[in-house]
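Student: query_24.cif is reproduced below (mmCIF, C-alpha atoms).
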```
data_structure
loop_
_atom_site.label_atom_id
_atom_site.label_comp_id
_atom_site.auth_asym_id
_atom_site.auth_seq_id
_atom_site.Cartn_x
_atom_site.Cartn_y
_atom_site.Cartn_z
CA GLY U 1 -84.33 -22.52 213.37
CA GLU U 2 -87.00 -20.51 211.58
CA ASP U 3 -87.52 -16.86 212.39
CA ILE U 4 -90.64 -16.15 214.42
CA LEU U 5 -92.21 -12.73 214.59
CA VAL U 6 -94.29 -11.98 217.65
CA ASP U 7 -96.21 -8.96 218.82
CA GLU U 8 -94.74 -7.28 221.86
CA ASP U 9 -97.65 -8.45 224.01
CA THR U 10 -97.66 -12.03 222.76
CA GLU U 11 -96.31 -14.56 225.22
CA ILE U 12 -97.52 -17.84 223.77
CA PHE U 13 -97.76 -18.98 220.16
CA GLU U 14 -97.62 -22.19 218.13
CA ALA U 15 -94.91 -23.49 215.83
CA ASP U 16 -94.26 -26.97 214.43
CA GLY U 17 -97.03 -28.44 216.57
CA CYS U 18 -95.45 -27.05 219.74
CA ILE U 19 -96.44 -24.29 222.11
CA VAL U 20 -93.70 -21.67 222.19
CA THR U 21 -93.33 -19.42 225.21
CA TYR U 22 -90.80 -17.00 226.56
CA GLY U 23 -88.03 -18.99 228.20
CA LEU U 24 -88.70 -19.98 231.78
CA ALA U 25 -86.92 -18.05 234.54
CA ASP U 26 -86.00 -20.07 237.62
CA ALA U 27 -85.48 -17.73 240.54
CA HIS U 28 -83.91 -20.30 242.85
CA VAL U 29 -81.19 -22.65 241.63
CA HIS U 30 -78.07 -24.12 243.21
CA LEU U 31 -75.37 -24.54 240.57
CA ARG U 32 -72.82 -25.58 243.26
CA GLU U 33 -69.80 -23.85 241.73
CA PRO U 34 -67.40 -22.67 242.96
CA GLY U 35 -66.81 -25.14 245.76
CA TYR U 36 -69.00 -28.20 245.29
CA SER U 37 -68.42 -29.49 241.78
CA GLU U 38 -68.92 -33.09 242.94
CA LYS U 39 -72.64 -32.20 243.25
CA GLU U 40 -73.13 -30.12 240.08
CA THR U 41 -71.19 -27.83 237.77
CA ILE U 42 -72.33 -24.68 236.03
CA ALA U 43 -72.04 -26.64 232.77
CA THR U 44 -74.27 -29.52 233.93
CA GLY U 45 -76.70 -27.30 235.82
CA THR U 46 -77.28 -24.97 232.91
CA ALA U 47 -77.56 -27.91 230.50
CA ALA U 48 -80.30 -29.24 232.81
CA ALA U 49 -81.95 -25.81 232.73
CA ALA U 50 -81.95 -25.78 228.93
CA HIS U 51 -83.37 -29.33 228.94
CA GLY U 52 -86.25 -28.03 231.07
CA GLY U 53 -86.99 -24.92 228.96
CA VAL U 54 -85.34 -22.63 231.52
CA THR U 55 -83.39 -19.82 229.86
CA THR U 56 -82.63 -17.69 232.93
CA VAL U 57 -81.27 -19.05 236.21
CA LEU U 58 -80.75 -17.07 239.40
CA SER U 59 -77.94 -18.85 241.21
CA MET U 60 -77.87 -19.10 244.99
CA PRO U 61 -74.83 -18.12 247.06
CA ASN U 62 -74.15 -21.07 249.37
CA LEU U 63 -70.83 -21.62 247.64
CA ASN U 64 -67.15 -21.75 248.58
CA PRO U 65 -66.01 -19.06 248.47
CA ALA U 66 -69.36 -17.42 249.11
CA PRO U 67 -70.02 -14.44 246.79
CA ASP U 68 -69.72 -11.96 249.66
CA SER U 69 -67.16 -9.60 248.08
CA VAL U 70 -66.28 -8.18 244.69
CA GLU U 71 -63.33 -10.59 244.50
CA ASN U 72 -65.38 -13.68 245.37
CA ILE U 73 -68.34 -12.97 243.10
CA ALA U 74 -65.80 -12.45 240.28
CA ILE U 75 -64.65 -16.06 240.76
CA GLU U 76 -68.21 -17.29 240.29
CA GLN U 77 -68.85 -14.93 237.37
CA ALA U 78 -65.75 -16.15 235.53
CA MET U 79 -67.01 -19.73 235.80
CA ILE U 80 -70.45 -18.64 234.57
CA ASP U 81 -68.91 -16.82 231.59
CA GLU U 82 -66.90 -19.91 230.70
CA GLN U 83 -69.48 -22.68 231.20
CA ALA U 84 -73.09 -21.48 231.20
CA VAL U 85 -75.34 -22.28 228.22
CA VAL U 86 -78.28 -20.24 229.59
CA GLU U 87 -78.32 -16.84 231.26
CA VAL U 88 -77.11 -17.08 234.86
CA ARG U 89 -77.45 -14.17 237.24
CA PRO U 90 -75.80 -14.69 240.64
CA TYR U 91 -77.07 -13.63 244.03
CA ALA U 92 -74.56 -12.09 246.39
CA THR U 93 -74.79 -12.94 250.06
CA ILE U 94 -76.48 -10.66 252.60
CA THR U 95 -73.74 -11.24 255.17
CA GLU U 96 -70.04 -12.00 255.04
CA ARG U 97 -69.32 -15.74 254.74
CA ARG U 98 -73.13 -16.14 254.87
CA ILE U 99 -73.03 -16.53 258.63
CA GLY U 100 -75.42 -13.73 259.56
CA LYS U 101 -73.05 -11.44 261.46
CA GLN U 102 -71.66 -8.68 259.23
CA VAL U 103 -73.53 -7.12 256.29
CA VAL U 104 -71.60 -7.21 253.00
CA ASP U 105 -70.52 -4.13 251.05
CA VAL U 106 -73.88 -3.79 249.33
CA LYS U 107 -72.95 -0.78 247.22
CA ALA U 108 -69.90 -2.49 245.72
CA LEU U 109 -71.72 -5.78 245.06
CA ALA U 110 -75.01 -4.38 243.72
CA PRO U 111 -73.87 -3.90 240.08
CA LEU U 112 -72.48 -7.46 240.02
CA CYS U 113 -75.46 -9.42 241.33
CA VAL U 114 -79.19 -9.87 240.79
CA GLY U 115 -79.98 -9.44 244.49
CA PHE U 116 -78.90 -10.50 247.96
CA SER U 117 -79.60 -13.77 249.76
CA ASP U 118 -78.12 -15.90 252.52
CA ASP U 119 -80.05 -18.86 251.15
CA GLY U 120 -79.39 -22.05 253.04
CA SER U 121 -79.75 -20.16 256.28
CA GLY U 122 -81.86 -17.33 257.60
CA VAL U 123 -80.48 -14.10 259.03
CA GLN U 124 -81.13 -14.77 262.71
CA ASN U 125 -80.36 -11.29 264.07
CA ARG U 126 -83.03 -8.62 263.63
CA GLU U 127 -80.58 -5.70 263.75
CA VAL U 128 -78.33 -7.27 261.10
CA MET U 129 -81.36 -7.83 258.84
CA LEU U 130 -82.56 -4.25 259.28
CA GLU U 131 -79.08 -2.87 258.48
CA ALA U 132 -78.97 -5.07 255.37
CA MET U 133 -82.42 -3.98 254.24
CA LYS U 134 -81.56 -0.29 254.61
CA SER U 135 -78.36 -0.73 252.56
CA ILE U 136 -80.11 -2.79 249.89
CA ALA U 137 -83.04 -0.37 249.67
CA ALA U 138 -80.53 2.46 249.12
CA VAL U 139 -79.35 0.78 245.89
CA ASP U 140 -82.91 -0.32 244.94
CA GLY U 141 -81.85 -3.93 245.35
CA ILE U 142 -83.87 -6.94 246.46
CA ILE U 143 -83.47 -9.48 249.25
CA ALA U 144 -84.39 -13.10 248.54
CA ALA U 145 -85.01 -14.32 252.05
CA HIS U 146 -84.55 -17.82 253.40
CA CYS U 147 -86.97 -17.58 256.34
CA GLU U 148 -85.89 -19.99 259.05
CA ASP U 149 -85.62 -19.46 262.80
CA GLU U 150 -82.92 -21.88 263.87
CA SER U 151 -84.01 -21.73 267.51
CA MET U 152 -87.24 -23.52 266.53
CA LEU U 153 -85.73 -26.45 264.61
CA ALA U 154 -84.96 -28.81 267.53
CA GLY U 155 -83.06 -31.25 265.29
CA GLY U 156 -85.98 -31.74 262.94
CA TYR U 157 -85.54 -32.91 259.37
CA ILE U 158 -89.08 -33.41 257.99
CA HIS U 159 -92.39 -31.64 258.70
CA ALA U 160 -93.66 -31.87 262.27
CA GLY U 161 -96.85 -33.59 261.15
CA ASP U 162 -98.60 -36.93 260.89
CA TYR U 163 -95.85 -38.81 259.05
CA ALA U 164 -93.19 -37.76 261.57
CA ALA U 165 -95.42 -38.68 264.51
CA MET U 166 -96.38 -42.08 263.09
CA ASN U 167 -92.81 -43.02 262.15
CA GLY U 168 -90.77 -41.58 265.01
CA HIS U 169 -89.03 -38.81 263.05
CA LYS U 170 -88.02 -35.41 264.42
CA GLY U 171 -90.14 -32.67 262.94
CA ILE U 172 -89.65 -29.07 261.76
CA ALA U 173 -92.57 -26.89 262.84
CA SER U 174 -94.07 -24.46 260.32
CA CYS U 175 -93.57 -21.55 262.75
CA SER U 176 -89.82 -21.76 262.05
CA GLU U 177 -90.66 -20.48 258.53
CA TYR U 178 -93.45 -17.97 259.01
CA MET U 179 -92.28 -16.31 262.24
CA PRO U 180 -89.08 -14.90 260.65
CA PHE U 181 -91.18 -13.49 257.81
CA ILE U 182 -93.56 -11.87 260.30
CA ARG U 183 -90.48 -10.34 261.98
CA ASP U 184 -89.29 -9.09 258.61
CA ILE U 185 -92.62 -7.43 257.70
CA ASP U 186 -91.85 -4.76 260.28
CA LEU U 187 -88.33 -4.32 258.89
CA ILE U 188 -89.62 -4.04 255.32
CA ALA U 189 -92.01 -1.32 256.45
CA GLN U 190 -89.14 0.53 258.16
CA SER U 191 -86.64 0.20 255.32
CA GLY U 192 -88.75 0.10 252.15
CA CYS U 193 -86.56 -2.75 250.92
CA ARG U 194 -87.91 -5.00 248.17
CA TYR U 195 -88.24 -8.50 249.57
CA HIS U 196 -88.82 -11.91 247.96
CA PHE U 197 -89.92 -14.77 250.24
CA CYS U 198 -88.12 -17.94 249.09
CA HIS U 199 -89.49 -21.52 248.98
CA MET U 200 -92.75 -20.98 250.88
CA SER U 201 -94.20 -24.21 252.27
CA ALA U 202 -96.58 -23.30 255.09
CA ARG U 203 -100.19 -22.15 255.24
CA ASN U 204 -99.42 -19.32 257.68
CA SER U 205 -96.65 -18.08 255.36
CA VAL U 206 -99.24 -17.57 252.62
CA THR U 207 -101.53 -15.69 255.01
CA ALA U 208 -98.65 -13.51 256.20
CA LEU U 209 -97.56 -12.69 252.64
CA ARG U 210 -101.15 -11.88 251.65
CA ASN U 211 -101.40 -9.52 254.64
CA ALA U 212 -98.06 -7.87 253.82
CA LYS U 213 -99.23 -7.25 250.26
CA ALA U 214 -102.48 -5.77 251.56
CA MET U 215 -100.35 -3.35 253.59
CA GLY U 216 -98.76 -2.19 250.31
CA LEU U 217 -95.30 -3.51 251.14
CA PRO U 218 -92.87 -4.34 248.28
CA VAL U 219 -93.03 -8.11 248.81
CA SER U 220 -93.27 -11.16 246.57
CA GLY U 221 -93.07 -14.88 247.18
CA GLU U 222 -92.30 -18.22 245.57
CA THR U 223 -93.13 -21.85 246.11
CA GLY U 224 -91.95 -24.99 244.36
CA PRO U 225 -93.63 -27.76 242.37
CA HIS U 226 -92.96 -30.28 245.15
CA TYR U 227 -94.89 -28.25 247.74
CA LEU U 228 -97.83 -27.98 245.34
CA THR U 229 -97.99 -31.66 244.35
CA MET U 230 -97.07 -33.56 247.54
CA VAL U 231 -97.70 -33.62 251.29
CA ASP U 232 -95.88 -35.21 254.23
CA LEU U 233 -97.99 -38.37 254.07
CA ASP U 234 -96.50 -39.02 250.59
CA ILE U 235 -93.03 -39.36 252.11
CA MET U 236 -90.99 -42.56 252.24
CA ASN U 237 -87.90 -43.02 254.38
CA GLU U 238 -85.59 -42.10 251.51
CA GLY U 239 -83.34 -39.10 250.97
CA ARG U 240 -85.15 -38.13 247.77
CA PHE U 241 -88.08 -36.93 249.91
CA LYS U 242 -85.92 -34.61 252.04
CA MET U 243 -85.69 -30.89 251.37
CA ASN U 244 -85.73 -27.68 253.40
CA PRO U 245 -88.35 -26.48 254.04
CA PRO U 246 -90.01 -29.90 254.12
CA LEU U 247 -93.14 -31.24 252.46
CA ARG U 248 -95.94 -30.19 254.80
CA ALA U 249 -99.57 -31.12 255.46
CA ALA U 250 -102.58 -31.17 253.14
CA GLU U 251 -103.89 -27.86 254.50
CA ASP U 252 -100.53 -26.24 253.73
CA ARG U 253 -100.63 -27.46 250.13
CA THR U 254 -104.22 -26.22 249.77
CA ALA U 255 -103.16 -22.76 250.99
CA LEU U 256 -100.21 -22.69 248.56
CA ILE U 257 -102.51 -23.61 245.67
CA GLU U 258 -104.89 -20.80 246.67
CA GLY U 259 -101.83 -18.53 246.75
CA ILE U 260 -100.84 -19.28 243.15
CA LYS U 261 -104.46 -18.94 242.04
CA ASP U 262 -105.13 -15.55 243.64
CA GLY U 263 -101.71 -14.02 242.89
CA THR U 264 -100.40 -13.94 246.47
CA ILE U 265 -97.57 -16.23 245.36
CA GLU U 266 -96.20 -14.87 242.10
CA VAL U 267 -93.37 -17.29 241.33
CA ILE U 268 -92.81 -21.02 240.91
CA ALA U 269 -89.12 -21.78 241.49
CA THR U 270 -87.48 -25.17 241.81
CA ASP U 271 -84.87 -24.71 244.55
CA HIS U 272 -82.89 -27.13 242.37
CA ALA U 273 -80.40 -28.52 244.90
CA PRO U 274 -78.23 -31.36 243.58
CA HIS U 275 -76.21 -33.65 245.82
CA SER U 276 -74.16 -36.78 245.21
CA ALA U 277 -76.00 -40.10 245.18
CA GLU U 278 -74.17 -41.07 248.38
CA GLU U 279 -75.30 -37.93 250.21
CA LYS U 280 -78.93 -38.70 249.32
CA SER U 281 -78.79 -42.45 250.12
CA ARG U 282 -78.82 -42.25 253.94
CA GLY U 283 -82.58 -42.14 254.63
CA LEU U 284 -84.56 -39.17 255.90
CA GLU U 285 -82.56 -38.44 259.02
CA LYS U 286 -79.04 -38.60 257.63
CA SER U 287 -79.35 -37.53 253.98
CA ALA U 288 -78.53 -34.03 252.77
CA PHE U 289 -81.41 -31.57 252.33
CA GLY U 290 -82.37 -30.83 248.72
CA ILE U 291 -83.86 -32.23 245.52
CA VAL U 292 -83.35 -31.45 241.84
CA GLY U 293 -86.10 -29.84 239.80
CA LEU U 294 -84.99 -27.94 236.70
CA GLU U 295 -85.96 -30.75 234.32
CA THR U 296 -89.31 -31.63 235.91
CA ALA U 297 -90.84 -28.29 236.95
CA PHE U 298 -92.73 -27.48 233.77
CA PRO U 299 -94.25 -30.93 233.12
CA LEU U 300 -95.25 -31.32 236.76
CA MET U 301 -96.98 -27.94 236.86
CA TYR U 302 -98.57 -28.37 233.43
CA THR U 303 -99.86 -31.86 234.20
CA HIS U 304 -101.18 -31.22 237.70
CA PHE U 305 -102.42 -27.64 237.39
CA VAL U 306 -103.10 -26.68 233.76
CA LYS U 307 -104.44 -29.97 232.40
CA THR U 308 -106.66 -30.27 235.49
CA GLY U 309 -108.00 -26.74 235.05
CA VAL U 310 -106.70 -25.35 238.36
CA ILE U 311 -104.85 -22.53 236.59
CA SER U 312 -104.62 -21.39 232.97
CA PHE U 313 -101.59 -21.96 230.78
CA GLU U 314 -101.13 -18.19 230.74
CA ARG U 315 -100.96 -18.11 234.54
CA LEU U 316 -98.38 -20.90 234.51
CA ILE U 317 -96.16 -18.87 232.18
CA GLU U 318 -96.60 -15.83 234.44
CA LEU U 319 -95.54 -17.91 237.47
CA MET U 320 -92.57 -19.52 235.73
CA SER U 321 -91.39 -16.83 233.30
CA THR U 322 -92.78 -13.31 233.23
CA ASN U 323 -93.26 -12.74 236.98
CA PRO U 324 -89.78 -13.84 238.09
CA ALA U 325 -88.25 -11.81 235.25
CA ARG U 326 -90.28 -8.73 236.22
CA ILE U 327 -89.60 -9.00 239.95
CA ILE U 328 -85.88 -9.28 239.42
CA GLY U 329 -85.73 -6.72 236.61
CA LEU U 330 -84.67 -9.01 233.76
CA ASP U 331 -85.67 -9.07 230.12
CA ASN U 332 -86.20 -12.67 228.97
CA THR U 333 -88.28 -11.78 225.89
CA GLN U 334 -85.48 -12.75 223.49
CA SER U 335 -85.37 -16.35 224.74
CA PHE U 336 -87.91 -19.07 223.97
CA ALA U 337 -88.89 -22.59 224.99
CA TYR U 338 -90.76 -24.98 222.71
CA PHE U 339 -93.00 -27.48 224.52
CA ASP U 340 -94.74 -30.54 223.10
CA LEU U 341 -97.77 -30.56 225.39
CA ASP U 342 -99.04 -33.90 224.08
CA ALA U 343 -95.83 -35.76 224.91
CA CYS U 344 -96.65 -38.22 227.72
CA TYR U 345 -93.82 -39.97 229.57
CA LYS U 346 -92.63 -41.17 232.95
CA ILE U 347 -90.09 -39.08 234.84
CA ASP U 348 -86.78 -40.94 234.84
CA PRO U 349 -83.73 -39.32 236.45
CA ALA U 350 -81.49 -41.44 234.21
CA ASN U 351 -82.48 -38.99 231.45
CA PHE U 352 -81.49 -35.87 233.42
CA LEU U 353 -78.60 -33.70 232.33
CA SER U 354 -78.09 -32.58 235.93
CA MET U 355 -75.56 -34.52 237.98
CA GLY U 356 -78.19 -34.66 240.72
CA GLN U 357 -80.82 -37.36 240.40
CA ALA U 358 -82.56 -37.35 243.79
CA MET U 359 -86.17 -36.14 243.63
CA PRO U 360 -89.51 -37.61 244.72
CA PHE U 361 -91.18 -37.73 241.28
CA GLU U 362 -89.46 -40.79 239.83
CA GLY U 363 -91.96 -42.83 237.80
CA TRP U 364 -94.64 -40.14 237.76
CA GLU U 365 -96.46 -39.89 234.43
CA VAL U 366 -96.47 -36.35 233.07
CA TYR U 367 -97.38 -34.38 229.97
CA GLY U 368 -95.33 -31.60 228.42
CA LYS U 369 -91.78 -31.98 227.19
CA CYS U 370 -89.35 -29.26 226.23
CA VAL U 371 -88.12 -30.02 222.73
CA LYS U 372 -86.12 -26.87 221.98
CA THR U 373 -84.66 -24.01 223.98
CA VAL U 374 -83.33 -20.78 222.46
CA VAL U 375 -81.35 -18.22 224.47
CA ASN U 376 -80.89 -14.83 222.79
CA GLY U 377 -81.15 -16.40 219.35
CA ILE U 378 -78.85 -19.35 220.08
CA THR U 379 -80.34 -22.87 220.25
CA VAL U 380 -78.99 -24.40 223.46
CA TYR U 381 -81.17 -27.53 223.51
CA ASN U 382 -82.80 -29.26 220.57
CA ASN U 383 -84.68 -32.53 220.58
CA THR U 384 -87.20 -31.74 217.83
CA ASN U 385 -86.09 -34.60 215.61
CA GLN U 386 -86.94 -37.40 218.05
#
```
I'd like the structure from this file rewritten - as structure tokens, please.

Tutor:
Amino acid sequence: GEDILVDEDTEIFEADGCIVTYGLADAHVHLREPGYSEKETIATGTAAAAHGGVTTVLSMPNLNPAPDSVENIAIEQAMIDEQAVVEVRPYATITERRIGKQVVDVKALAPLCVGFSDDGSGVQNREVMLEAMKSIAAVDGIIAAHCEDESMLAGGYIHAGDYAAMNGHKGIASCSEYMPFIRDIDLIAQSGCRYHFCHMSARNSVTALRNAKAMGLPVSGETGPHYLTMVDLDIMNEGRFKMNPPLRAAEDRTALIEGIKDGTIEVIATDHAPHSAEEKSRGLEKSAFGIVGLETAFPLMYTHFVKTGVISFERLIELMSTNPARIIGLDNTQSFAYFDLDACYKIDPANFLSMGQAMPFEGWEVYGKCVKTVVNGITVYNNTNQ
């Protein structure tokens, strides 16, 4: 492509009728390898990222083997080196085998990972979490915390709200998300560990994060496009509406929107979580948790928040590019995404490059299509001729 010169402070400029931004950075993606290549591969997941304008992916560690040792993270890194078409930075686990008992060798893993997470499950034991935070703070690392108190779940699989009550489903109460974070506030204060609150869905989580920031603690948080655009009453009894944490109530969505507007929530991440069609075809109760999102995040956010005037385009790029890069200590200023903001189309998973197709946005009309993605000078997706 043509060379583009930008000032150091410029984040958004126009070329060929497109808006060009720094590449998006998705702080929460499941690439499923090693271990679960029937759901996604690093090749297909990073192709999907490029298709969505995402040039940096932080990959989550619920893998087999889990990246809980130098040897195991090397297995994942070798697959990344071989297959990835965008930048992929792996998380290591917080605990061995990701089961919450024994803290990993943080010092050995720190140079090999972007941070530490047991995503997919919360660290249930307070003492284990404090030990982990002290070790991670000592290497100036960051924890990306999956906040979930398993003692409060009671077999639930969607939000404990109106839809569950009306349709006889078992619910997950919001306290199972925000209570672990409230526990961790005290541990952050004790340890000084940098802490990123993953996939926030609940009103009280936003309040707790806002309070922790007011205390001066080194905390940040993310939510996803699905939590900002849908509520539990939008659910149908299909697996494509099932994710963890679940879609919650209208007042939760309102609080999340306030959070992205006032800067409490600094990151939009997809929690892209592909599964096989069979695993997602068993209805709400029996389907696997997780939806895909890499290829829909930008158009959903642009259509529902920028075009409607809720946030500026600049704020959207902060939420989806510059903030996640800054929080995690990455430089994504050599990668770019070209978006045709006037392109209007209906979301169709048949067009996805991800192996996963289950998500609740099928048929939604959106604006904003990535037409070209450039990673460190190399074009990794190009659809400018169509």

Student: Determine, counting all atoms listed in the file, which protein, DNA and RNA residues have an atom within 9 Å of an atom of Ser117 (chain U); residues of the same chain fewer than 6 positions away are not included. Present the result as a list in words.

Tutor: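 Using all atoms listed in the file, the neighbours found are Met60, Pro61, Tyr91, Ala92, Thr93, Ile94, Thr95, Arg98, Ile142, Ile143, Ala144, Ala145 and His146 of chain U.
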
Student: Give the answer as one residue: which of U:Thr207, U:Asn351, U:Thr333, U:Ser191 has the shortest atom-to-atom distance to Thr264 (chain U), using all atoms listed in the file?

Tutor: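 Going through U:Thr207, U:Asn351, U:Thr333, U:Ser191 one by one, the smallest distance to Thr264 (chain U) is for U:Thr207.
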
Student: Expand the PyMOL selection byres ((chain U and resi 155-157) around 8) into the explicit residue set it covers here, and present it as a count of residues only.

Tutor: 14

Student: Give as a ChimeraX atom specification every residue, naming chains and numbers as the document does, that has an atom within 8 Å of (-77.9, -18.3, 243.1), counting only C-alpha atoms.

Tutor: /U:28-31,57-62,89-92

Student: Which is closer to Ala297 (chain U) than all the others in U:Tyr381, U:Tyr178, U:Phe361, U:Tyr22, using only C-alpha atoms?

Tutor: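 Closest to Ala297 (chain U) of all the choices is U:Phe361.
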
Student: Mind giving me the straight-line distance from CA of Ser151 (chain U) to CA of Met200 (chain U) in Å, one decimal?

Tutor: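 Spanning CA of Ser151 (chain U) to CA of Met200 (chain U) is a straight-line distance of 18.8 Å.
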
Student: When you look at Tyr36 (chain U) with a cut-off of 12 Å (counting all atoms listed in the file), what residues show up, excluding the ones that are within fewer than 6 positions of it in the same chain? I need them as a list in words.

Tutor: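 These residues fall inside the cut-off: His30, Ile42, Pro61, Asn62, Leu63, Asn64, Pro65, Ala66, Ala273, Pro274, His275, Ser276 and Met355 of chain U.
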